[in-house]
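Chemist: Compact mmCIF, C-alpha atoms and all ligand atoms, saved as work29.txt, coming up:
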```txt
# COMPACT_ATOMS: atom_id res chain seq x y z
CA MET A 1 154.62 125.65 203.18
CA LYS A 2 157.29 127.32 205.29
CA LEU A 3 159.21 130.44 204.35
CA GLY A 4 161.69 130.79 207.18
CA ASN A 5 159.45 131.04 210.25
CA TYR A 6 156.39 132.01 208.22
CA SER A 7 153.85 129.27 207.66
CA ILE A 8 152.02 130.21 204.50
CA ASN A 9 149.28 128.35 202.72
CA LYS A 10 149.23 128.27 198.89
CA PRO A 11 150.76 131.72 198.54
CA VAL A 12 150.01 133.93 195.56
CA PHE A 13 152.94 136.30 195.14
CA MET A 14 152.83 139.60 193.34
CA ALA A 15 155.97 139.18 191.24
CA PRO A 16 158.87 141.60 191.42
CA MET A 17 158.46 144.09 188.56
CA ALA A 18 160.90 146.92 187.94
CA GLY A 19 159.08 150.22 187.56
CA ILE A 20 155.81 148.69 188.80
CA THR A 21 155.90 147.03 192.25
CA ASP A 22 156.89 150.13 194.17
CA LYS A 23 155.54 150.91 197.63
CA ALA A 24 152.30 152.37 196.27
CA PHE A 25 151.59 149.28 194.18
CA ARG A 26 152.46 146.82 196.96
CA GLU A 27 150.11 148.63 199.33
CA ILE A 28 147.35 148.47 196.72
CA ILE A 29 147.95 144.73 196.35
CA GLN A 30 147.55 144.31 200.10
CA LEU A 31 144.51 146.58 200.31
CA THR A 32 142.77 144.47 197.66
CA GLY A 33 143.32 141.20 199.54
CA GLY A 34 146.77 140.14 198.34
CA LYS A 35 149.13 138.91 201.02
CA TYR A 36 152.54 138.60 199.44
CA ALA A 37 154.37 141.11 197.25
CA PHE A 38 157.98 141.46 196.13
CA THR A 39 159.67 144.82 195.72
CA GLU A 40 161.13 145.86 192.39
CA MET A 41 164.63 144.54 191.82
CA ILE A 42 167.19 146.66 193.66
CA SER A 43 170.83 147.03 192.62
CA ASP A 44 173.45 145.93 195.17
CA ASN A 45 175.81 148.47 193.70
CA ALA A 46 173.42 151.36 194.04
CA LEU A 47 172.76 150.44 197.69
CA LEU A 48 176.46 150.26 198.48
CA HIS A 49 176.93 153.68 196.86
CA GLN A 50 174.10 155.01 198.98
CA ASN A 51 172.11 156.13 195.97
CA SER A 52 169.20 158.02 197.52
CA LYS A 53 166.62 156.93 194.96
CA THR A 54 167.56 153.29 195.54
CA TYR A 55 167.39 153.74 199.30
CA ARG A 56 163.86 155.07 198.95
CA MET A 57 162.97 151.77 197.27
CA LEU A 58 163.75 150.12 200.60
CA ASN A 59 160.93 151.93 202.38
CA LEU A 60 158.78 149.08 203.70
CA ASP A 61 157.07 151.04 206.50
CA GLY A 62 153.66 149.71 207.44
CA GLU A 63 153.68 146.84 204.93
CA GLN A 64 152.50 143.39 205.99
CA GLU A 65 154.99 140.66 206.76
CA PRO A 66 156.74 138.92 205.14
CA ARG A 67 158.27 141.95 203.38
CA ILE A 68 160.29 140.58 200.47
CA VAL A 69 163.05 142.63 198.87
CA GLN A 70 164.64 141.52 195.61
CA LEU A 71 168.32 142.25 195.00
CA PHE A 72 170.38 141.91 191.85
CA GLY A 73 174.14 141.87 191.37
CA SER A 74 177.03 139.69 190.30
CA ASP A 75 179.63 139.99 193.03
CA PRO A 76 179.15 137.68 196.03
CA GLU A 77 180.82 140.02 198.52
CA GLN A 78 178.90 143.05 197.34
CA MET A 79 175.66 141.11 197.36
CA ALA A 80 176.36 140.02 200.93
CA LYS A 81 176.97 143.61 202.02
CA ALA A 82 173.85 144.83 200.25
CA ALA A 83 171.85 142.01 201.88
CA ILE A 84 172.93 143.24 205.31
CA ILE A 85 171.66 146.73 204.45
CA VAL A 86 168.35 145.23 203.30
CA GLU A 87 168.02 143.20 206.51
CA GLU A 88 168.73 146.30 208.61
CA ASN A 89 165.98 148.11 206.72
CA ASN A 90 163.24 145.87 207.99
CA ALA A 91 162.99 143.27 205.24
CA ASN A 92 161.84 139.79 206.30
CA VAL A 93 163.04 137.94 203.20
CA ILE A 94 165.70 138.63 200.58
CA ASP A 95 165.19 137.36 197.04
CA ILE A 96 168.01 137.19 194.51
CA ASN A 97 167.29 137.92 190.86
CA MET A 98 168.70 135.29 188.50
CA GLY A 99 166.37 135.89 185.60
CA CYS A 100 166.32 139.49 184.38
CA PRO A 101 166.91 139.31 180.59
CA THR A 102 167.61 143.03 179.96
CA PRO A 103 170.86 143.54 178.02
CA LYS A 104 172.18 146.26 180.33
CA ILE A 105 171.79 143.91 183.33
CA VAL A 106 173.06 140.78 181.58
CA LYS A 107 176.17 142.49 180.24
CA ASN A 108 177.24 143.14 183.84
CA GLY A 109 176.96 139.43 184.60
CA GLU A 110 173.76 140.04 186.61
CA GLY A 111 170.21 138.65 186.37
CA ALA A 112 169.85 135.98 183.67
CA ALA A 113 173.62 136.02 182.99
CA LEU A 114 173.92 133.85 186.11
CA LEU A 115 172.11 131.08 184.22
CA LYS A 116 175.34 130.76 182.24
CA ASN A 117 177.57 130.79 185.31
CA LEU A 118 176.19 128.39 187.89
CA ASN A 119 179.34 128.48 189.99
CA LEU A 120 178.95 132.20 190.46
CA ALA A 121 175.21 131.85 191.04
CA GLU A 122 175.97 129.36 193.81
CA LYS A 123 178.64 131.59 195.35
CA ILE A 124 176.26 134.54 195.44
CA ALA A 125 173.60 132.42 197.11
CA HIS A 126 176.11 131.17 199.71
CA ALA A 127 177.42 134.64 200.43
CA VAL A 128 173.97 136.13 200.94
CA VAL A 129 172.69 133.22 203.03
CA ASN A 130 175.75 133.49 205.29
CA ALA A 131 175.51 137.27 205.63
CA VAL A 132 171.97 137.54 207.01
CA LYS A 133 169.68 135.82 209.49
CA ILE A 134 166.49 136.24 207.45
CA PRO A 135 165.47 133.66 204.80
CA VAL A 136 166.93 134.02 201.32
CA THR A 137 165.08 132.98 198.17
CA VAL A 138 165.96 133.06 194.46
CA LYS A 139 163.97 133.70 191.30
CA ILE A 140 165.25 131.89 188.22
CA ARG A 141 164.40 131.21 184.59
CA LEU A 142 164.76 127.82 182.91
CA GLY A 143 168.09 128.62 181.33
CA TRP A 144 169.71 130.93 178.81
CA ASP A 145 168.11 129.26 175.79
CA ASP A 146 166.52 125.97 174.76
CA SER A 147 169.87 124.27 174.45
CA GLY A 148 170.97 125.39 177.90
CA ILE A 149 168.19 124.47 180.34
CA VAL A 150 169.82 124.58 183.78
CA ALA A 151 166.83 124.96 186.10
CA LEU A 152 167.19 121.50 187.66
CA GLU A 153 170.90 121.73 188.37
CA LEU A 154 170.70 125.34 189.49
CA ALA A 155 167.76 124.68 191.82
CA SER A 156 169.51 121.84 193.61
CA ARG A 157 172.74 123.82 193.92
CA LEU A 158 170.78 126.72 195.37
CA GLU A 159 169.04 124.39 197.81
CA ASP A 160 172.45 123.10 198.95
CA ALA A 161 173.59 126.70 199.40
CA GLY A 162 170.80 127.29 201.93
CA ILE A 163 168.23 128.99 199.72
CA CYS A 164 164.79 128.33 201.19
CA MET A 165 162.40 128.91 198.28
CA ILE A 166 162.78 129.06 194.50
CA SER A 167 160.49 130.84 192.08
CA VAL A 168 160.63 129.52 188.54
CA HIS A 169 159.66 131.74 185.61
CA ALA A 170 159.16 128.97 183.08
CA ARG A 171 160.83 130.70 180.15
CA THR A 172 164.39 130.97 178.92
CA ARG A 173 166.31 134.23 178.75
CA GLU A 174 166.14 134.07 174.97
CA GLN A 175 162.35 134.10 175.16
CA TYR A 176 162.26 137.31 177.19
CA TYR A 177 158.49 137.58 177.83
CA SER A 178 157.19 136.03 174.63
CA GLY A 179 156.08 132.54 173.68
CA LYS A 180 154.37 130.30 176.15
CA ALA A 181 155.80 129.54 179.57
CA ASP A 182 156.65 125.83 179.72
CA TRP A 183 155.08 124.77 183.01
CA LYS A 184 156.35 121.20 182.84
CA TRP A 185 159.75 122.48 184.03
CA ILE A 186 158.14 123.87 187.17
CA GLY A 187 156.99 120.33 187.98
CA LYS A 188 160.45 118.94 187.26
CA VAL A 189 162.13 121.48 189.54
CA LYS A 190 159.58 120.73 192.26
CA LYS A 191 160.42 117.00 192.10
CA ASN A 192 164.13 117.75 192.19
CA VAL A 193 164.34 119.78 195.44
CA HIS A 194 162.91 119.66 198.95
CA ILE A 195 162.36 123.39 199.40
CA PRO A 196 159.15 125.15 198.28
CA VAL A 197 158.88 125.92 194.57
CA ILE A 198 156.75 128.78 193.27
CA GLY A 199 155.52 128.62 189.69
CA ASN A 200 155.47 131.68 187.44
CA GLY A 201 154.49 132.44 183.87
CA ASP A 202 151.22 133.22 182.07
CA ILE A 203 148.79 133.15 185.00
CA GLN A 204 145.90 135.44 184.08
CA SER A 205 143.12 134.15 186.31
CA PRO A 206 142.48 132.30 189.60
CA GLN A 207 141.68 129.19 187.53
CA ASP A 208 145.06 129.38 185.77
CA ALA A 209 146.74 129.40 189.18
CA LEU A 210 144.87 126.30 190.32
CA ARG A 211 145.69 124.57 187.04
CA MET A 212 149.39 125.35 187.47
CA ILE A 213 149.37 123.90 191.00
CA ARG A 214 147.54 120.78 189.84
CA GLU A 215 149.76 120.25 186.80
CA THR A 216 153.12 120.92 188.45
CA GLY A 217 152.67 120.28 192.18
CA CYS A 218 154.20 123.69 192.91
CA ASP A 219 153.70 125.10 196.42
CA GLY A 220 152.45 128.49 195.35
CA VAL A 221 152.23 130.80 192.36
CA MET A 222 153.53 134.15 191.25
CA ILE A 223 151.73 136.58 188.95
CA ALA A 224 153.25 139.54 187.10
CA ARG A 225 151.61 140.99 183.97
CA GLY A 226 148.15 139.67 184.80
CA ALA A 227 148.01 142.09 187.75
CA LEU A 228 148.74 145.23 185.72
CA GLY A 229 145.70 147.47 186.01
CA ASN A 230 144.15 144.46 187.74
CA PRO A 231 145.76 144.40 191.21
CA TRP A 232 142.78 142.60 192.80
CA LEU A 233 143.73 139.50 190.77
CA ILE A 234 146.30 138.68 193.47
CA GLY A 235 143.74 138.77 196.31
CA ARG A 236 141.04 137.00 194.26
CA THR A 237 143.48 134.24 193.35
CA GLN A 238 144.65 133.89 196.95
CA HIS A 239 141.03 133.62 198.09
CA PHE A 240 140.22 131.06 195.40
CA LEU A 241 143.19 128.85 196.26
CA GLU A 242 142.48 129.02 200.00
CA THR A 243 138.71 128.54 199.94
CA GLY A 244 137.67 127.34 196.47
CA GLU A 245 135.32 130.32 196.27
CA PHE A 246 135.52 132.35 193.07
CA LEU A 247 135.05 136.05 193.81
CA PRO A 248 133.79 138.15 190.91
CA GLU A 249 135.77 141.15 189.73
CA PRO A 250 135.01 144.29 191.74
CA GLY A 251 132.36 146.68 190.44
CA GLU A 252 133.03 149.99 188.71
CA GLU A 253 132.99 152.06 191.87
CA SER A 254 135.46 149.79 193.67
CA LYS A 255 137.74 149.81 190.65
CA LEU A 256 137.61 153.60 190.57
CA ASN A 257 138.43 153.77 194.27
CA VAL A 258 141.42 151.49 193.84
CA LEU A 259 142.75 153.58 190.95
CA LEU A 260 142.21 156.83 192.89
CA ASN A 261 143.90 155.34 195.93
CA HIS A 262 146.81 154.13 193.81
CA PHE A 263 147.17 157.68 192.47
CA GLU A 264 147.10 159.25 195.96
CA LYS A 265 149.81 156.88 197.11
CA LEU A 266 152.02 157.67 194.12
CA LEU A 267 151.56 161.39 194.79
CA GLU A 268 152.39 160.89 198.46
CA TYR A 269 155.48 158.72 197.94
CA LYS A 270 156.89 160.23 194.75
CA GLY A 271 155.57 163.80 194.57
CA GLU A 272 153.31 165.46 192.02
CA LYS A 273 155.51 165.37 188.94
CA ILE A 274 156.57 161.71 189.13
CA GLY A 275 153.23 160.64 190.61
CA LEU A 276 151.34 162.13 187.64
CA ASN A 277 153.73 160.55 185.22
CA GLU A 278 153.59 157.11 186.75
CA ILE A 279 149.81 156.92 187.18
CA ARG A 280 149.52 157.44 183.40
CA LYS A 281 150.96 154.02 182.57
CA HIS A 282 148.97 152.31 185.33
CA ALA A 283 145.74 154.07 184.33
CA ALA A 284 146.23 152.92 180.73
CA TRP A 285 146.24 149.34 182.08
CA TYR A 286 143.28 149.95 184.41
CA ILE A 287 141.14 151.14 181.48
CA LYS A 288 142.38 148.64 178.87
CA GLY A 289 139.58 147.04 176.90
CA ARG A 290 136.94 149.60 177.90
CA ARG A 291 134.80 151.41 175.42
CA ASN A 292 136.50 154.69 174.34
CA ALA A 293 139.75 153.60 176.02
CA ALA A 294 141.88 155.15 173.27
CA GLU A 295 140.25 158.54 173.69
CA TYR A 296 140.49 158.45 177.45
CA ARG A 297 144.12 157.43 177.20
CA LYS A 298 144.87 160.58 175.23
CA GLU A 299 143.30 162.70 177.96
CA ILE A 300 145.23 160.87 180.64
CA MET A 301 148.51 161.32 178.77
CA THR A 302 148.11 165.09 178.43
CA THR A 303 146.58 166.14 181.75
CA GLN A 304 149.06 168.03 183.88
CA ASN A 305 147.10 168.49 187.05
CA PRO A 306 146.11 165.99 189.77
CA ASN A 307 142.55 167.32 190.09
CA SER A 308 141.79 167.03 186.42
CA MET A 309 143.37 163.54 186.43
CA ARG A 310 141.00 162.54 189.26
CA ALA A 311 138.07 163.99 187.30
CA ILE A 312 138.98 161.97 184.21
CA PHE A 313 139.10 158.79 186.27
CA GLN A 314 135.64 159.57 187.73
CA LYS A 315 134.26 160.17 184.27
CA ILE A 316 135.69 156.91 182.89
CA PHE A 317 134.31 154.67 185.61
CA LEU A 318 131.07 156.38 186.58
CA GLU A 319 129.76 157.75 183.31
C1 LIG A 401 157.79 145.30 183.19
C2 LIG A 401 158.37 144.07 183.86
C3 LIG A 401 159.26 144.23 184.90
C4 LIG A 401 159.82 143.10 185.51
N1 LIG A 401 160.71 143.26 186.53
C5 LIG A 401 161.23 142.17 187.17
C6 LIG A 401 162.10 142.32 188.29
O1 LIG A 401 162.41 143.44 188.74
N2 LIG A 401 162.58 141.20 188.87
C7 LIG A 401 162.25 139.94 188.41
O2 LIG A 401 162.70 138.94 188.99
N3 LIG A 401 161.41 139.77 187.38
C8 LIG A 401 160.89 140.86 186.76
N4 LIG A 401 159.98 140.68 185.74
C9 LIG A 401 159.54 139.31 185.38
C10 LIG A 401 158.26 138.96 186.13
O3 LIG A 401 158.47 138.96 187.53
C11 LIG A 401 157.72 137.58 185.72
O4 LIG A 401 158.71 136.62 185.99
C12 LIG A 401 157.36 137.49 184.23
O5 LIG A 401 156.69 138.66 183.78
C13 LIG A 401 156.50 136.25 183.94
O6 LIG A 401 155.30 136.28 184.68
P1 LIG A 401 153.88 136.67 183.99
O7 LIG A 401 153.70 135.74 182.81
O8 LIG A 401 152.86 136.47 185.08
O9 LIG A 401 154.00 138.08 183.52
C14 LIG A 401 159.44 141.80 185.09
C15 LIG A 401 158.52 141.66 184.05
C16 LIG A 401 157.98 142.76 183.43
C17 LIG A 401 156.99 142.57 182.31
```
Output the file's structure as structure tokens, nothing else.
Modeler:
Amino acid sequence: MKLGNYSINKPVFMAPMAGITDKAFREIIQLTGGKYAFTEMISDNALLHQNSKTYRMLNLDGEQEPRIVQLFGSDPEQMAKAAIIVEENNANVIDINMGCPTPKIVKNGEGAALLKNLNLAEKIAHAVVNAVKIPVTVKIRLGWDDSGIVALELASRLEDAGICMISVHARTREQYYSGKADWKWIGKVKKNVHIPVIGNGDIQSPQDALRMIRETGCDGVMIARGALGNPWLIGRTQHFLETGEFLPEPGEESKLNVLLNHFEKLLEYKGEKIGLNEIRKHAAWYIKGRRNAAEYRKEIMTTQNPNSMRAIFQKIFLE
């Protein structure tokens, strides 16, 4: 498939995840064989107010192309201005969030609220497409609730507005993240537009990704929760889709090295205090399901010093 000038074959995207897909995480995805990763969602408003924390989220230095930045907002003009800032900061693709279900986002008319206001969704898409030279994509849900499925109409209106790829999280806003994603809608959207469609929802393994492509005809897939504490899933799935070869999960030592590397990157990009805090949630995912995980988690949650955190990680994986 084509994404602007990029020719990409059966892409496996690391989904945008607020609080997760920061620079450290995206680099880990790429170091473990993943090729495509979205940033966290970034507020147009915060960018226009030159919020320094938000600006730091735009640091894409050294990351592989295409670098994809996700924006959210509800005002077409503001979104266009924010898109220009993103383009000037070295992004290769801008993605617009039309699916975030969080009340504080929705009440501002942003994210999934746009599923109830297709005219505005279309205006935002137009404004952003016209403001920048780089390709613009959109991530949607099926609709607000079961009685308001708008994915087909929205996708074709977005295509007409010049959007060049659509990712479909096959749930409604009302579902948040629960229940099963209804993949049949991904297939329906795919049949309804001529631009690439990326399927998203409930992919936990390389085989799930292949099954989604076979069942829906989608051009690529996107994985979110399955990659938590399991970043190599993105690279393994990419490899499987490209070659048919199923790579086993990495061994204990490789897993430890990835976790340690993830920690070093968080310390480097966010400093000791935030880095320590953030590795705690990731580490809890990395060790999920292991023997003694609950005990180890307690240690991880209370350790205040990077060296003792490293030592705990060593103990967990090499004992
Ligand atoms: C903690 C968390 C943060 C998320 N943040 C974003 C976000 O910033 N932008 C977005 O479009 N979707 C966001 N999502 C939705 C995911 O990208 C994805 O659509 C959803 O989790 C379904 O995929 P999955 O079944 O593979 O998890 C988030 C999901 C979770 C669980």
Chemist: Counting only C-alpha atoms and all ligand atoms, which residue out of A:Asn305, A:Ser156, A:Thr137, A:Asn192 sits closest to ligand LIG 401 (chain A)?
Modeler: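 The answer is A:Thr137, which sits nearest to ligand LIG 401 (chain A).
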Chemist: Skip Val93 (chain A) itself and residues of its chain fewer than 2 positions away, then list as JSON, numbers by chain all residues within 6 Å of it, counting all atoms listed in the file.
Modeler: {"A": [68, 91, 134, 135, 136]}
Chemist: Within 12 Å of (135.3, 156.6, 185.5), in the coordinates the file gives, what residues turn up when you count all atoms listed in the file, written out as number ranges by chain?
Modeler: A: 251-260, 283, 286-287, 290-293, 296, 300, 309-319
Chemist: Deliver the residues from the most recent selection as a file, using C-alpha atoms, as a PDB file, in the coordinates of the input.
Modeler:
```pdb
ATOM      1  CA  GLY A 251     132.360 146.680 190.440  1.00  0.00           C
ATOM      2  CA  GLU A 252     133.030 149.990 188.710  1.00  0.00           C
ATOM      3  CA  GLU A 253     132.990 152.060 191.870  1.00  0.00           C
ATOM      4  CA  SER A 254     135.460 149.790 193.670  1.00  0.00           C
ATOM      5  CA  LYS A 255     137.740 149.810 190.650  1.00  0.00           C
ATOM      6  CA  LEU A 256     137.610 153.600 190.570  1.00  0.00           C
ATOM      7  CA  ASN A 257     138.430 153.770 194.270  1.00  0.00           C
ATOM      8  CA  VAL A 258     141.420 151.490 193.840  1.00  0.00           C
ATOM      9  CA  LEU A 259     142.750 153.580 190.950  1.00  0.00           C
ATOM     10  CA  LEU A 260     142.210 156.830 192.890  1.00  0.00           C
ATOM     11  CA  ALA A 283     145.740 154.070 184.330  1.00  0.00           C
ATOM     12  CA  TYR A 286     143.280 149.950 184.410  1.00  0.00           C
ATOM     13  CA  ILE A 287     141.140 151.140 181.480  1.00  0.00           C
ATOM     14  CA  ARG A 290     136.940 149.600 177.900  1.00  0.00           C
ATOM     15  CA  ARG A 291     134.800 151.410 175.420  1.00  0.00           C
ATOM     16  CA  ASN A 292     136.500 154.690 174.340  1.00  0.00           C
ATOM     17  CA  ALA A 293     139.750 153.600 176.020  1.00  0.00           C
ATOM     18  CA  TYR A 296     140.490 158.450 177.450  1.00  0.00           C
ATOM     19  CA  ILE A 300     145.230 160.870 180.640  1.00  0.00           C
ATOM     20  CA  MET A 309     143.370 163.540 186.430  1.00  0.00           C
ATOM     21  CA  ARG A 310     141.000 162.540 189.260  1.00  0.00           C
ATOM     22  CA  ALA A 311     138.070 163.990 187.300  1.00  0.00           C
ATOM     23  CA  ILE A 312     138.980 161.970 184.210  1.00  0.00           C
ATOM     24  CA  PHE A 313     139.100 158.790 186.270  1.00  0.00           C
ATOM     25  CA  GLN A 314     135.640 159.570 187.730  1.00  0.00           C
ATOM     26  CA  LYS A 315     134.260 160.170 184.270  1.00  0.00           C
ATOM     27  CA  ILE A 316     135.690 156.910 182.890  1.00  0.00           C
ATOM     28  CA  PHE A 317     134.310 154.670 185.610  1.00  0.00           C
ATOM     29  CA  LEU A 318     131.070 156.380 186.580  1.00  0.00           C
ATOM     30  CA  GLU A 319     129.760 157.750 183.310  1.00  0.00           C
TER      31      GLU A 319
END
```
Chemist: Taking all atoms listed in the file and a cut-off of 7 Å, can you tell me which residues surround ligand LIG 401 (chain A), written as a ChimeraX atom specification?
Modeler: /A:15-20,40-41,97,99-100,139,169,177,200-203,222-226
Chemist: Write the residues of the preceding selection, restricted to C-alpha atoms, as an mmCIF file, keeping the file's coordinate frame.
Modeler:
```cif
data_model
loop_
_atom_site.group_PDB
_atom_site.id
_atom_site.type_symbol
_atom_site.label_atom_id
_atom_site.label_comp_id
_atom_site.auth_asym_id
_atom_site.auth_seq_id
_atom_site.Cartn_x
_atom_site.Cartn_y
_atom_site.Cartn_z
ATOM 1 C CA ALA A 15 155.970 139.180 191.240
ATOM 2 C CA PRO A 16 158.870 141.600 191.420
ATOM 3 C CA MET A 17 158.460 144.090 188.560
ATOM 4 C CA ALA A 18 160.900 146.920 187.940
ATOM 5 C CA GLY A 19 159.080 150.220 187.560
ATOM 6 C CA ILE A 20 155.810 148.690 188.800
ATOM 7 C CA GLU A 40 161.130 145.860 192.390
ATOM 8 C CA MET A 41 164.630 144.540 191.820
ATOM 9 C CA ASN A 97 167.290 137.920 190.860
ATOM 10 C CA GLY A 99 166.370 135.890 185.600
ATOM 11 C CA CYS A 100 166.320 139.490 184.380
ATOM 12 C CA LYS A 139 163.970 133.700 191.300
ATOM 13 C CA HIS A 169 159.660 131.740 185.610
ATOM 14 C CA TYR A 177 158.490 137.580 177.830
ATOM 15 C CA ASN A 200 155.470 131.680 187.440
ATOM 16 C CA GLY A 201 154.490 132.440 183.870
ATOM 17 C CA ASP A 202 151.220 133.220 182.070
ATOM 18 C CA ILE A 203 148.790 133.150 185.000
ATOM 19 C CA MET A 222 153.530 134.150 191.250
ATOM 20 C CA ILE A 223 151.730 136.580 188.950
ATOM 21 C CA ALA A 224 153.250 139.540 187.100
ATOM 22 C CA ARG A 225 151.610 140.990 183.970
ATOM 23 C CA GLY A 226 148.150 139.670 184.800
#
```
Chemist: Please report the interatomic distance between CA of Gln175 (chain A) and CA of Asp146 (chain A) in Å with one decimal.
Modeler: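 Those two atoms sit 9.1 Å apart.
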Chemist: In terms of the shortest atom-to-atom distance over only C-alpha atoms, which of A:Ser205, A:Tyr36, A:Glu122, A:Trp183 is closest to Gly162 (chain A)?
Modeler: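 With only C-alpha atoms as the atom set, the closest residue is A:Glu122.
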Chemist: Of the candidates A:Ser43, A:Ile96, A:Ala155, A:Val128, which one gets nearest to Asn108 (chain A) if we count only C-alpha atoms?
Modeler: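 Of all the options, A:Ser43 lies closest to Asn108 (chain A).
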Chemist: To one decimal place in Å, what is the distance between CA of Asp145 (chain A) and CA of Glu174 (chain A)?
Modeler: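 Separation between CA of Asp145 (chain A) and CA of Glu174 (chain A): 5.3 Å.
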Chemist: Between CA of Asn5 (chain A) and CA of Val221 (chain A), what is the distance in Å, rounded to a tenth?
Modeler: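 Calculated distance between CA of Asn5 (chain A) and CA of Val221 (chain A) is 19.3 Å.
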Chemist: Name all residues at most 12 Å from Ser147 (chain A) (count only C-alpha atoms; drop same-chain ones fewer than 2 positions away) and give them as number ranges by chain.
Modeler: A: 116, 142-145, 149-150, 172-174
Chemist: I need every residue sitting at most 10 Å from the point (153.7, 146.2, 207.0) (coordinates as in the file, only C-alpha atoms considered), written as a ChimeraX atom specification.
Modeler: /A:27,30,60-67,90-91
Chemist: Report as a list in words all protein, DNA and RNA residues lying within 12 Å of Pro248 (chain A), evaluated on all atoms listed in the file, omitting residues in the same chain fewer than 6 positions from it.
Modeler: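 My list of contacting residues is Ser205, Pro206, Trp232, Leu233, Gly235, Arg236, Thr237, His239 and Phe240 of chain A.
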